[in-house]
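The structure file work.txt is reproduced below (compact mmCIF, C-alpha atoms).
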```txt
# COMPACT_ATOMS: atom_id res chain seq x y z
CA MET A 12 101.72 131.34 131.29
CA GLY A 13 104.30 130.78 133.97
CA ARG A 14 102.54 127.77 135.45
CA ILE A 15 102.88 124.02 135.54
CA GLY A 16 99.96 121.70 136.04
CA ARG A 17 98.82 118.17 136.67
CA LEU A 18 95.83 116.47 135.09
CA ASN A 19 94.17 113.60 136.93
CA PRO A 20 92.91 111.46 134.01
CA ASP A 21 90.47 109.58 136.25
CA THR A 22 88.59 112.67 137.44
CA GLY A 23 89.54 115.28 134.84
CA THR A 24 90.72 117.53 137.69
CA ILE A 25 93.53 119.94 136.89
CA LYS A 26 95.82 121.44 139.54
CA GLU A 27 98.24 124.26 138.70
CA TRP A 28 101.21 125.92 140.41
CA ASP A 29 102.90 129.24 139.65
CA SER A 30 106.49 128.88 138.49
CA PRO A 31 108.97 130.64 140.83
CA SER A 32 109.89 133.45 138.41
CA GLY A 33 106.32 134.44 137.71
CA ALA A 34 103.88 134.73 134.85
CA GLN A 35 106.47 135.44 132.16
CA SER A 36 108.79 132.53 133.05
CA HIS A 37 107.64 130.14 130.27
CA PRO A 38 108.20 126.65 131.79
CA TYR A 39 109.70 124.38 129.13
CA SER A 40 111.37 121.03 128.59
CA LEU A 41 110.25 118.84 131.50
CA ALA A 42 111.83 115.69 132.93
CA VAL A 43 111.03 113.55 135.96
CA ILE A 44 113.67 112.09 138.28
CA ASN A 45 112.52 110.15 141.36
CA ASP A 46 109.06 111.76 141.28
CA LYS A 47 110.51 115.31 141.14
CA ILE A 48 109.78 117.46 138.12
CA TRP A 49 112.67 119.32 136.50
CA TYR A 50 112.20 122.04 133.90
CA ASN A 51 113.63 125.34 132.77
CA GLU A 52 112.11 128.79 132.81
CA SER A 53 112.87 129.68 129.20
CA ALA A 54 111.93 133.37 129.20
CA MET A 55 114.35 134.29 131.99
CA ARG A 56 117.88 135.58 131.36
CA PRO A 57 119.77 133.66 132.37
CA ASP A 58 117.50 130.64 132.06
CA ALA A 59 116.63 129.07 135.39
CA LEU A 60 116.61 125.35 136.11
CA VAL A 61 113.71 124.48 138.41
CA ARG A 62 112.93 121.43 140.53
CA PHE A 63 109.36 120.93 141.73
CA ASP A 64 108.37 118.38 144.37
CA PRO A 65 104.66 117.55 143.86
CA GLU A 66 104.46 115.87 147.28
CA THR A 67 105.48 118.98 149.23
CA GLU A 68 104.44 121.44 146.47
CA SER A 69 107.81 123.17 146.86
CA PHE A 70 110.16 124.65 144.26
CA GLN A 71 113.91 125.18 144.05
CA SER A 72 115.59 127.05 141.22
CA TRP A 73 119.09 127.80 139.99
CA ALA A 74 120.41 130.15 137.31
CA ILE A 75 122.03 128.25 134.44
CA PRO A 76 125.79 128.82 134.92
CA SER A 77 126.59 129.76 131.32
CA GLY A 78 124.27 132.76 131.61
CA VAL A 79 123.08 132.37 128.04
CA GLY A 80 121.46 129.73 125.95
CA ILE A 81 117.90 128.55 125.88
CA ILE A 82 117.35 124.99 127.10
CA ARG A 83 115.21 123.16 124.57
CA HIS A 84 116.01 119.54 125.38
CA VAL A 85 116.58 117.58 128.59
CA TRP A 86 117.24 113.89 129.13
CA VAL A 87 117.54 111.71 132.22
CA THR A 88 120.66 109.54 132.25
CA ARG A 89 120.79 105.99 133.59
CA GLU A 90 122.43 107.42 136.72
CA ASN A 91 119.47 109.81 137.30
CA LYS A 92 121.43 112.86 136.28
CA LEU A 93 119.91 115.56 134.11
CA LEU A 94 121.48 116.26 130.73
CA ILE A 95 120.56 119.68 129.32
CA HIS A 96 121.09 121.14 125.85
CA GLN A 97 121.18 124.90 125.29
CA SER A 98 120.19 125.27 121.65
CA SER A 99 121.05 128.94 121.17
CA SER A 100 124.60 128.60 122.55
CA ASN A 101 125.11 124.97 121.42
CA ARG A 102 126.21 123.87 124.90
CA VAL A 103 125.48 120.67 126.80
CA GLY A 104 125.46 120.45 130.59
CA LEU A 105 125.21 117.62 133.09
CA VAL A 106 123.35 118.26 136.33
CA THR A 107 124.47 116.02 139.17
CA ILE A 108 121.92 115.67 141.94
CA HIS A 109 123.65 115.26 145.31
CA ASP A 110 120.90 114.99 147.91
CA MET A 111 119.29 111.62 148.48
CA ALA A 112 115.76 113.03 148.21
CA ASN A 113 116.43 114.08 144.58
```

In structure tokens, write the structure found in this file.
Amino acid sequence: MGRIGRLNPDTGTIKEWDSPSGAQSHPYSLAVINDKIWYNESAMRPDALVRFDPETESFQSWAIPSGVGIIRHVWVTRENKLLIHQSSSNRVGLVTIHDMAN
């Protein structure tokens, strides 16, 4: 647990990375915006929103501002923003990505 991975379907090779908050972080609900992977660490309190850049193999993470609520669904808008739904608190949030690298 606490890892994300990539499968190369041509070779069957699997590569994995540890999520920033460790083995008990439970990565969940992934989305891709401009080749960056977004997901939440669902076992953390508060949940953390994580961005992973496969090219540089680097992570960034942010605590979800509401402090509560488990993210179970994410969607990418037409404007490449991230829409998140916290099922346990019934809240919806919109993540605006400011840097050009996304």

Worksheet entry | Using all atoms listed in the file: which of A:Ser30, A:Ser99, A:Thr22, A:Ser36 has the shortest distance to A:Phe70 | A:Ser30

Worksheet entry | Spatial neighbours of A:Gln71, 8 Å, all atoms listed in the file, chain gap at least 5 places, as an MDAnalysis selection string | chainID A and resid 61:63

Discussion item. Rounded to one decimal, what separation in Å do you get between atom CA of A:Thr88 and atom CA of A:Lys26?
Written reply: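 Going from atom CA of A:Thr88 over to atom CA of A:Lys26 covers 28.5 Å.
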
Worksheet entry | A:Val43, A:Glu66, A:Arg14, A:Gly23 ranked by distance to A:Leu94, top pick (using all atoms listed in the file) |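 Nearest to A:Leu94: A:Val43.
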
Practice prompt. Tell me, in Å to one decimal, how far atom CA of A:Ser100 is from atom CA of A:Leu41.
Written response: 19.5 Å

Worksheet item: Can you tell me how far atom CA of A:Gly33 sits from atom CA of A:Ser53, in Å to one decimal?
Response: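 About the pair atom CA of A:Gly33 and atom CA of A:Ser53: they are 11.7 Å apart.
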
Worksheet entry | For A:Leu93: contacts at 12 Å, all atoms listed in the file, fewer than 2 positions along chain excluded, given as a PyMOL selection string | chain A and resi 40-45+47-51+60-62+84-91+95-96+103-109+113

Discussion item. Which residue is closest to A:Ala54? Choose from A:Arg102, A:Lys92, A:Arg17, A:Arg83 and count only C-alpha atoms.
Written reply: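 Smallest distance to A:Ala54 is found for A:Arg83.
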
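The shortest atom-to-atom distance to A:Ala74, with all atoms listed in the file taken into account, belongs to A:Pro31 out of A:Asp46, A:Pro20, A:Pro31, A:Asn101.
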